[in-house]
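As stored in my_file.txt (compact mmCIF, C-alpha atoms and all ligand atoms):
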```
# COMPACT_ATOMS: atom_id res chain seq x y z
CA MET A 1 -69.76 -9.82 -54.87
CA THR A 2 -66.69 -7.62 -55.26
CA VAL A 3 -64.68 -10.11 -57.28
CA THR A 4 -65.59 -13.01 -59.48
CA SER A 5 -65.79 -16.47 -57.93
CA SER A 6 -62.25 -17.30 -58.97
CA TRP A 7 -60.59 -14.35 -60.73
CA THR A 8 -59.32 -11.93 -58.08
CA GLU A 9 -58.57 -8.23 -58.01
CA ALA A 10 -54.89 -9.18 -57.74
CA ASN A 11 -55.29 -11.00 -61.08
CA SER A 12 -56.90 -7.85 -62.50
CA GLN A 13 -53.99 -5.70 -61.35
CA THR A 14 -51.41 -8.07 -62.83
CA PHE A 15 -53.28 -8.15 -66.13
CA LEU A 16 -53.73 -4.37 -66.20
CA ASP A 17 -50.00 -3.93 -65.60
CA TYR A 18 -48.67 -6.67 -67.87
CA GLY A 19 -51.38 -7.65 -70.39
CA ARG A 20 -49.47 -5.74 -73.06
CA TYR A 21 -46.62 -8.24 -72.70
CA PHE A 22 -48.63 -11.39 -72.00
CA VAL A 23 -51.16 -11.37 -74.89
CA PRO A 24 -49.69 -12.50 -78.21
CA GLU A 25 -50.34 -10.07 -81.08
CA ARG A 26 -52.85 -8.18 -79.01
CA GLU A 27 -53.47 -5.44 -81.59
CA ARG A 28 -53.82 -8.02 -84.38
CA GLN A 29 -56.34 -9.93 -82.27
CA ILE A 30 -58.41 -6.79 -81.71
CA GLU A 31 -58.30 -5.98 -85.44
CA THR A 32 -59.39 -9.51 -86.29
CA ILE A 33 -62.37 -9.40 -83.93
CA CYS A 34 -63.43 -5.99 -85.22
CA GLY A 35 -63.20 -7.25 -88.78
CA LEU A 36 -65.73 -9.98 -87.99
CA ILE A 37 -68.45 -7.55 -86.93
CA PRO A 38 -70.51 -6.67 -90.02
CA SER A 39 -69.51 -3.08 -90.83
CA ALA A 40 -72.83 -2.32 -92.51
CA LEU A 41 -74.56 -2.54 -89.15
CA GLU A 42 -76.12 0.72 -88.06
CA GLY A 43 -76.92 1.15 -84.40
CA ALA A 44 -75.34 -2.20 -83.65
CA LYS A 45 -75.90 -3.57 -80.16
CA ILE A 46 -72.70 -5.27 -79.10
CA VAL A 47 -72.24 -7.17 -75.85
CA GLU A 48 -68.74 -7.83 -74.54
CA LEU A 49 -68.45 -10.57 -71.94
CA CYS A 50 -65.57 -9.80 -69.54
CA CYS A 51 -64.53 -6.51 -71.13
CA GLY A 52 -61.59 -5.96 -68.79
CA GLU A 53 -60.10 -2.48 -69.17
CA GLY A 54 -62.07 -1.87 -72.37
CA LEU A 55 -59.43 -2.13 -75.11
CA LEU A 56 -61.63 -4.17 -77.45
CA ALA A 57 -64.71 -2.07 -76.64
CA GLN A 58 -62.71 1.05 -77.52
CA ALA A 59 -61.74 -0.37 -80.91
CA LEU A 60 -65.34 -1.39 -81.63
CA LEU A 61 -66.75 2.00 -80.64
CA GLU A 62 -64.17 3.79 -82.79
CA ARG A 63 -64.84 1.65 -85.85
CA LEU A 64 -68.64 1.54 -85.59
CA PRO A 65 -69.75 5.10 -84.83
CA ASP A 66 -73.42 4.16 -84.27
CA ALA A 67 -72.74 1.12 -82.12
CA THR A 68 -73.25 0.69 -78.40
CA VAL A 69 -71.19 -1.74 -76.32
CA ARG A 70 -72.50 -3.26 -73.14
CA GLY A 71 -69.25 -4.05 -71.36
CA MET A 72 -69.73 -6.67 -68.69
CA ASP A 73 -67.15 -7.76 -66.13
CA GLY A 74 -66.95 -9.15 -62.61
CA SER A 75 -64.01 -7.04 -61.47
CA PRO A 76 -64.75 -3.57 -60.06
CA GLU A 77 -61.15 -2.61 -60.82
CA MET A 78 -61.49 -3.60 -64.46
CA LEU A 79 -64.86 -1.85 -64.81
CA ALA A 80 -63.38 1.31 -63.29
CA ALA A 81 -60.48 1.18 -65.76
CA ALA A 82 -62.89 0.61 -68.67
CA GLY A 83 -65.15 3.44 -67.51
CA LYS A 84 -62.18 5.81 -67.40
CA ARG A 85 -60.85 4.73 -70.79
CA LEU A 86 -64.24 4.96 -72.48
CA ALA A 87 -65.67 8.04 -70.75
CA GLY A 88 -65.50 9.97 -74.03
CA PHE A 89 -68.02 7.63 -75.64
CA GLY A 90 -70.74 8.66 -73.19
CA GLU A 91 -73.74 6.31 -73.14
CA ARG A 92 -72.42 4.30 -76.07
CA PHE A 93 -70.43 2.33 -73.48
CA GLN A 94 -72.63 0.68 -70.87
CA PRO A 95 -70.61 -0.97 -68.09
CA GLN A 96 -72.26 -3.74 -66.10
CA HIS A 97 -71.05 -5.89 -63.23
CA PHE A 98 -71.81 -9.58 -63.70
CA ASP A 99 -70.67 -13.13 -63.04
CA LEU A 100 -69.94 -14.89 -66.31
CA ALA A 101 -70.84 -18.23 -64.73
CA GLY A 102 -74.13 -16.92 -63.36
CA SER A 103 -77.42 -17.10 -65.23
CA ASP A 104 -79.32 -14.07 -63.90
CA TRP A 105 -78.05 -11.68 -66.62
CA ARG A 106 -78.55 -13.98 -69.59
CA SER A 107 -82.28 -13.67 -70.29
CA ALA A 108 -82.05 -9.85 -70.09
CA ILE A 109 -79.99 -9.67 -73.31
CA ARG A 110 -81.97 -9.97 -76.53
CA ASP A 111 -81.48 -8.97 -80.18
CA ALA A 112 -77.76 -8.29 -79.86
CA HIS A 113 -75.95 -7.95 -83.19
CA ALA A 114 -72.70 -9.27 -81.80
CA VAL A 115 -71.47 -10.92 -78.63
CA VAL A 116 -67.69 -10.85 -78.21
CA SER A 117 -65.33 -12.02 -75.50
CA SER A 118 -61.57 -12.02 -75.12
CA LEU A 119 -59.50 -14.18 -72.78
CA ALA A 120 -62.26 -15.01 -70.33
CA ILE A 121 -64.50 -17.91 -71.36
CA HIS A 122 -61.71 -20.34 -70.44
CA HIS A 123 -62.61 -19.61 -66.81
CA LEU A 124 -65.73 -21.75 -67.37
CA ASP A 125 -65.51 -25.54 -67.50
CA GLY A 126 -66.72 -27.53 -70.51
CA PRO A 127 -70.40 -27.92 -69.52
CA GLU A 128 -70.53 -24.25 -68.50
CA LYS A 129 -69.12 -23.23 -71.88
CA GLN A 130 -71.74 -25.35 -73.67
CA ALA A 131 -74.54 -23.72 -71.64
CA LEU A 132 -73.08 -20.27 -72.36
CA PHE A 133 -72.89 -20.91 -76.10
CA ALA A 134 -76.58 -21.94 -76.14
CA ASP A 135 -77.53 -18.86 -74.11
CA VAL A 136 -75.50 -16.52 -76.34
CA TYR A 137 -77.31 -17.96 -79.36
CA ARG A 138 -80.58 -16.85 -77.73
CA MET A 139 -79.15 -13.38 -77.01
CA LEU A 140 -78.41 -12.70 -80.69
CA ALA A 141 -80.64 -11.30 -83.40
CA PRO A 142 -80.79 -13.37 -86.62
CA GLY A 143 -77.53 -12.73 -88.51
CA GLY A 144 -75.74 -11.86 -85.27
CA VAL A 145 -72.20 -13.03 -84.65
CA PHE A 146 -70.47 -14.59 -81.64
CA VAL A 147 -66.71 -14.07 -81.61
CA ILE A 148 -64.48 -15.61 -78.96
CA ALA A 149 -60.78 -14.91 -78.47
CA ASP A 150 -59.35 -17.26 -75.90
CA VAL A 151 -56.71 -19.71 -74.80
CA ILE A 152 -57.61 -23.25 -75.79
CA ALA A 153 -56.50 -26.67 -74.57
CA PRO A 154 -54.06 -28.30 -77.01
CA ALA A 155 -55.25 -31.71 -78.17
CA GLY A 156 -52.12 -33.57 -77.06
CA LYS A 157 -48.73 -33.29 -75.35
CA GLN A 158 -46.90 -32.38 -78.56
CA ALA A 159 -49.29 -29.55 -79.32
CA GLU A 160 -49.07 -28.39 -75.70
CA SER A 161 -45.30 -28.17 -75.93
CA VAL A 162 -45.53 -26.21 -79.20
CA ALA A 163 -48.02 -23.80 -77.62
CA ALA A 164 -45.82 -23.34 -74.53
CA GLU A 165 -42.73 -22.56 -76.63
CA ALA A 166 -44.64 -20.24 -78.95
CA TRP A 167 -46.17 -18.27 -76.06
CA ASP A 168 -42.78 -17.82 -74.38
CA TRP A 169 -41.32 -16.69 -77.68
CA ALA A 170 -44.13 -14.19 -78.29
CA VAL A 171 -43.73 -12.65 -74.82
CA ARG A 172 -39.92 -12.48 -75.18
CA GLN A 173 -40.31 -10.65 -78.50
CA ARG A 174 -42.91 -8.33 -77.06
CA SER A 175 -40.72 -7.44 -74.08
CA LEU A 176 -37.83 -6.62 -76.37
CA GLU A 177 -40.03 -4.56 -78.72
CA LEU A 178 -41.68 -2.56 -75.95
CA ASP A 179 -38.76 -2.03 -73.57
CA GLY A 180 -35.59 -3.30 -75.20
CA ASN A 181 -35.15 -5.75 -72.32
CA LEU A 182 -36.62 -9.01 -70.99
CA ASP A 183 -38.19 -7.67 -67.79
CA GLY A 184 -41.73 -8.31 -69.07
CA PHE A 185 -40.84 -11.85 -70.07
CA GLU A 186 -39.17 -12.53 -66.74
CA LEU A 187 -42.32 -11.43 -64.95
CA PHE A 188 -44.38 -13.71 -67.22
CA GLN A 189 -42.16 -16.56 -66.04
CA ARG A 190 -42.27 -15.57 -62.37
CA GLU A 191 -46.08 -15.34 -62.48
CA GLU A 192 -46.15 -18.80 -64.14
CA TRP A 193 -48.69 -17.28 -66.55
CA ASN A 194 -47.91 -19.71 -69.38
CA LEU A 195 -50.56 -22.28 -68.58
CA TYR A 196 -49.17 -24.66 -71.20
CA ARG A 197 -46.04 -24.88 -69.07
CA TYR A 198 -47.51 -24.56 -65.59
CA PHE A 199 -50.99 -26.07 -65.96
CA ASP A 200 -52.72 -26.70 -62.64
CA PRO A 201 -56.08 -28.51 -62.89
CA ASP A 202 -57.27 -26.74 -59.72
CA ASP A 203 -56.38 -23.33 -61.11
CA ILE A 204 -58.85 -20.72 -62.41
CA ASP A 205 -57.99 -21.64 -66.02
CA LYS A 206 -60.16 -24.35 -67.57
CA PRO A 207 -59.42 -24.20 -71.28
CA SER A 208 -61.23 -26.64 -73.56
CA PRO A 209 -60.01 -28.13 -76.85
CA LEU A 210 -60.73 -25.91 -79.83
CA TYR A 211 -62.32 -28.72 -81.85
CA ALA A 212 -64.78 -29.45 -79.02
CA GLN A 213 -65.69 -25.77 -78.74
CA LEU A 214 -66.39 -25.55 -82.47
CA GLN A 215 -68.70 -28.54 -82.11
CA TRP A 216 -70.44 -26.95 -79.11
CA LEU A 217 -71.02 -23.80 -81.16
CA ALA A 218 -72.57 -25.84 -83.98
CA ALA A 219 -74.66 -27.80 -81.47
CA ALA A 220 -75.95 -24.50 -80.06
CA GLY A 221 -77.24 -23.62 -83.55
CA PHE A 222 -74.43 -21.45 -84.93
CA VAL A 223 -73.58 -21.68 -88.63
CA ASP A 224 -70.38 -20.72 -90.47
CA VAL A 225 -68.49 -21.86 -87.37
CA ASP A 226 -64.81 -21.18 -88.01
CA VAL A 227 -61.35 -20.35 -86.65
CA TYR A 228 -60.12 -16.95 -87.84
CA TRP A 229 -56.68 -16.66 -86.20
CA MET A 230 -54.48 -18.74 -83.96
CA GLN A 231 -51.09 -18.36 -82.31
CA ALA A 232 -49.37 -19.76 -79.24
CA GLY A 233 -52.46 -21.57 -77.95
CA HIS A 234 -54.61 -18.47 -78.42
CA ALA A 235 -57.46 -18.73 -80.94
CA ILE A 236 -60.16 -16.48 -82.32
CA PHE A 237 -63.22 -18.46 -83.37
CA GLY A 238 -66.97 -18.19 -83.51
CA GLY A 239 -70.09 -18.47 -85.57
CA VAL A 240 -73.18 -16.76 -86.94
CA LYS A 241 -76.82 -17.09 -85.95
CA GLY A 242 -78.51 -17.88 -89.26
CA GLU A 243 -81.11 -15.44 -90.64
C1 LIG B 301 -57.50 -11.99 -68.81
S1 LIG B 301 -58.65 -10.73 -68.45
C2 LIG B 301 -59.17 -10.27 -70.09
C3 LIG B 301 -59.73 -8.87 -70.12
C4 LIG B 301 -60.14 -8.37 -71.51
N1 LIG B 301 -61.24 -9.13 -72.05
C5 LIG B 301 -58.95 -8.40 -72.45
O1 LIG B 301 -58.91 -9.24 -73.36
O2 LIG B 301 -58.05 -7.56 -72.27
C6 LIG B 301 -60.04 -11.68 -67.87
C7 LIG B 301 -61.25 -10.83 -67.53
O3 LIG B 301 -62.34 -11.69 -67.21
C8 LIG B 301 -62.98 -11.22 -66.03
N2 LIG B 301 -63.59 -12.39 -65.38
C9 LIG B 301 -62.97 -13.56 -65.08
N3 LIG B 301 -63.85 -14.44 -64.56
C10 LIG B 301 -65.05 -13.79 -64.52
C11 LIG B 301 -66.37 -14.15 -64.09
N4 LIG B 301 -66.64 -15.36 -63.59
N5 LIG B 301 -67.35 -13.24 -64.21
C12 LIG B 301 -67.10 -12.00 -64.70
N6 LIG B 301 -65.89 -11.60 -65.12
C13 LIG B 301 -64.88 -12.48 -65.04
C14 LIG B 301 -61.89 -10.56 -65.22
O4 LIG B 301 -62.38 -9.62 -64.30
C15 LIG B 301 -61.05 -9.92 -66.33
O5 LIG B 301 -61.48 -8.63 -66.64
```

Target format structure tokens, applied to this file:
Amino acid sequence: MTVTSSWTEANSQTFLDYGRYFVPERERQIETICGLIPSALEGAKIVELCCGEGLLAQALLERLPDATVRGMDGSPEMLAAAGKRLAGFGERFQPQHFDLAGSDWRSAIRDAHAVVSSLAIHHLDGPEKQALFADVYRMLAPGGVFVIADVIAPAGKQAESVAAEAWDWAVRQRSLELDGNLDGFELFQREEWNLYRYFDPDDIDKPSPLYAQLQWLAAAGFVDVDVYWMQAGHAIFGGVKGE
């Protein structure tokens, strides 16, 4: 398999080129996720599901000098970009090709201190997310944390409209900040990336309501399930595997 079952290498290229415009408060999101990994951990084993070009992995490796990150992704292009970015960390970054929806890789991960994922789990449907949450629980050591950053499905039309407006606004601001023009925002519109405005049920995006996902985390056994940050339909949430 050279690409994931639905995400394509063309998607990877678009995201590599324009992710810096399309992701609201990207640096703040990365900081928030890093802040949820217990800093006292020595030799922490961190697993990142769908690591992309390795921005989050880089932040984790910089902040936790003894940690290793297994960076998993289904896109050869993304894994190559991550490998290049993180070459300086040597064996502390362990890239691995995988299919998020597959099950073959799941039983091989045990005693992880943290499992993190950014902007990827929404490619699974609801039942697949529930199965993943239960499997991630089994991958973690007691006290381990599962942190998800992702787009979520607004609970109703009003909330969907608020999320659509807020995402457009965030990308407009970002374009202006980065380049002093709206080229990045115009591409965001042309690509119809704002799924709250251009939602297609047959598309690769299958976001689930945040409230349902919190319940699925609790049902999988996680405690202290919470939402840590949210903006423009993007949320960071997760839970802890009790000691
Ligand atoms: C929107 S990008 C996010 C990348 C990175 N996590 C970030 O936040 O910058 C989605 C990532 O998920 C990966 N992906 C999507 N579906 C996948 C699947 N079924 N199996 C493995 N990787 C997948 C893509 O290759 C891509 O790297």

>> Could you list, as a PyMOL selection string, all protein and nucleic acid residues with an atom at most 9 Å from ligand LIG 301 (chain B), counting only C-alpha atoms and all ligand atoms?
In response: chain A and resi 3-9+11-12+15-16+19-20+23+26+30+48-56+72-79+97-102+117-124+149-150+204

Put those residues in a file: C-alpha atoms, as a compact mmCIF listing (two decimals), in the frame of the given file.
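Here's the written file selection00.txt:
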```
# COMPACT_ATOMS: atom_id res chain seq x y z
CA VAL A 3 -64.68 -10.11 -57.28
CA THR A 4 -65.59 -13.01 -59.48
CA SER A 5 -65.79 -16.47 -57.93
CA SER A 6 -62.25 -17.30 -58.97
CA TRP A 7 -60.59 -14.35 -60.73
CA THR A 8 -59.32 -11.93 -58.08
CA GLU A 9 -58.57 -8.23 -58.01
CA ASN A 11 -55.29 -11.00 -61.08
CA SER A 12 -56.90 -7.85 -62.50
CA PHE A 15 -53.28 -8.15 -66.13
CA LEU A 16 -53.73 -4.37 -66.20
CA GLY A 19 -51.38 -7.65 -70.39
CA ARG A 20 -49.47 -5.74 -73.06
CA VAL A 23 -51.16 -11.37 -74.89
CA ARG A 26 -52.85 -8.18 -79.01
CA ILE A 30 -58.41 -6.79 -81.71
CA GLU A 48 -68.74 -7.83 -74.54
CA LEU A 49 -68.45 -10.57 -71.94
CA CYS A 50 -65.57 -9.80 -69.54
CA CYS A 51 -64.53 -6.51 -71.13
CA GLY A 52 -61.59 -5.96 -68.79
CA GLU A 53 -60.10 -2.48 -69.17
CA GLY A 54 -62.07 -1.87 -72.37
CA LEU A 55 -59.43 -2.13 -75.11
CA LEU A 56 -61.63 -4.17 -77.45
CA MET A 72 -69.73 -6.67 -68.69
CA ASP A 73 -67.15 -7.76 -66.13
CA GLY A 74 -66.95 -9.15 -62.61
CA SER A 75 -64.01 -7.04 -61.47
CA PRO A 76 -64.75 -3.57 -60.06
CA GLU A 77 -61.15 -2.61 -60.82
CA MET A 78 -61.49 -3.60 -64.46
CA LEU A 79 -64.86 -1.85 -64.81
CA HIS A 97 -71.05 -5.89 -63.23
CA PHE A 98 -71.81 -9.58 -63.70
CA ASP A 99 -70.67 -13.13 -63.04
CA LEU A 100 -69.94 -14.89 -66.31
CA ALA A 101 -70.84 -18.23 -64.73
CA GLY A 102 -74.13 -16.92 -63.36
CA SER A 117 -65.33 -12.02 -75.50
CA SER A 118 -61.57 -12.02 -75.12
CA LEU A 119 -59.50 -14.18 -72.78
CA ALA A 120 -62.26 -15.01 -70.33
CA ILE A 121 -64.50 -17.91 -71.36
CA HIS A 122 -61.71 -20.34 -70.44
CA HIS A 123 -62.61 -19.61 -66.81
CA LEU A 124 -65.73 -21.75 -67.37
CA ALA A 149 -60.78 -14.91 -78.47
CA ASP A 150 -59.35 -17.26 -75.90
CA ILE A 204 -58.85 -20.72 -62.41
```

>> Please report the interatomic distance between atom CA of A:Leu132 and atom CA of A:Ala82 in Å with one decimal.
In response: 23.5 Å

> Out of A:Gly242, A:Gly35, A:Pro207, A:Gly90, which residue has the shortest atom-to-atom distance to A:Arg63 when counting all atoms listed in the file?
Replying inline: A:Gly35

> atom CA of A:Leu214 to atom CA of A:Leu195: how many Å, to one decimal?
Replying inline: 21.3 Å

>> Nearest residue to A:Tyr196 out of A:Ser161, A:Gln173, A:Gln213, A:Gln231, using only C-alpha atoms?
In response: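 That would be A:Ser161, the residue with the smallest distance to A:Tyr196.
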
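Closest to A:Pro142 among A:Gln94, A:Thr14, A:Val223, A:Pro65 is A:Val223, based on all atoms listed in the file.
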
> Near A:Glu25, counting only C-alpha atoms, which residues have an atom at most 12 Å away, once you skip same-chain residues fewer than 6 positions from it, shown as a list of chain:residue names?
Replying inline: A:Gly19, A:Glu31, A:Thr32, A:Ala149, A:Ala166, A:Trp167, A:Trp169, A:Ala170, A:Val171, A:Gln173, A:Arg174, A:Glu177, A:Trp229, A:Met230, A:Gln231, A:Ala232, A:His234, A:Ala235, A:Ile236

>> What does the structure give for the distance between atom CA of A:Ala57 and atom CA of A:His113, in Å to one decimal?
In response: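 Value for the atom CA of A:Ala57-atom CA of A:His113 distance: 14.3 Å.
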
Can you tell me, as lines of an AutoDock Vina configuration file, the centre and edge lengths (Å, one decimal) of the axis-aligned box enclosing all of stretch 115-124 of chain A's listed atoms after padding each side by 8 Å?
```
center_x = -65.5
center_y = -16.3
center_z = -72.7
size_x = 28.0
size_y = 26.9
size_z = 27.8
```

> Looking at all atoms listed in the file, which of A:Tyr21, A:Tyr137, A:Phe199, A:Phe188 is the one that sits closest to A:Ala153?
Replying inline: A:Phe199

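Restricting the calculation to all atoms listed in the file, the smallest distance between A:Thr68 and any of A:Gly43, A:Gly156, A:Gly88, A:Gly221 is found for A:Gly43.
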
> Which is closer to A:Val147 than all the others in A:Phe22, A:Phe133, A:Tyr198, A:Trp105, using all atoms listed in the file?
Replying inline: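 Of all the options, A:Phe133 lies closest to A:Val147.
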
> Is there a way to get, as a ChimeraX atom specification, all residues within 12 Å of the point (-70.9, 0.4, -84.0) in file coordinates, counting only C-alpha atoms?
Replying inline: /A:34-35,37-47,57-70,89,92-93,112-114
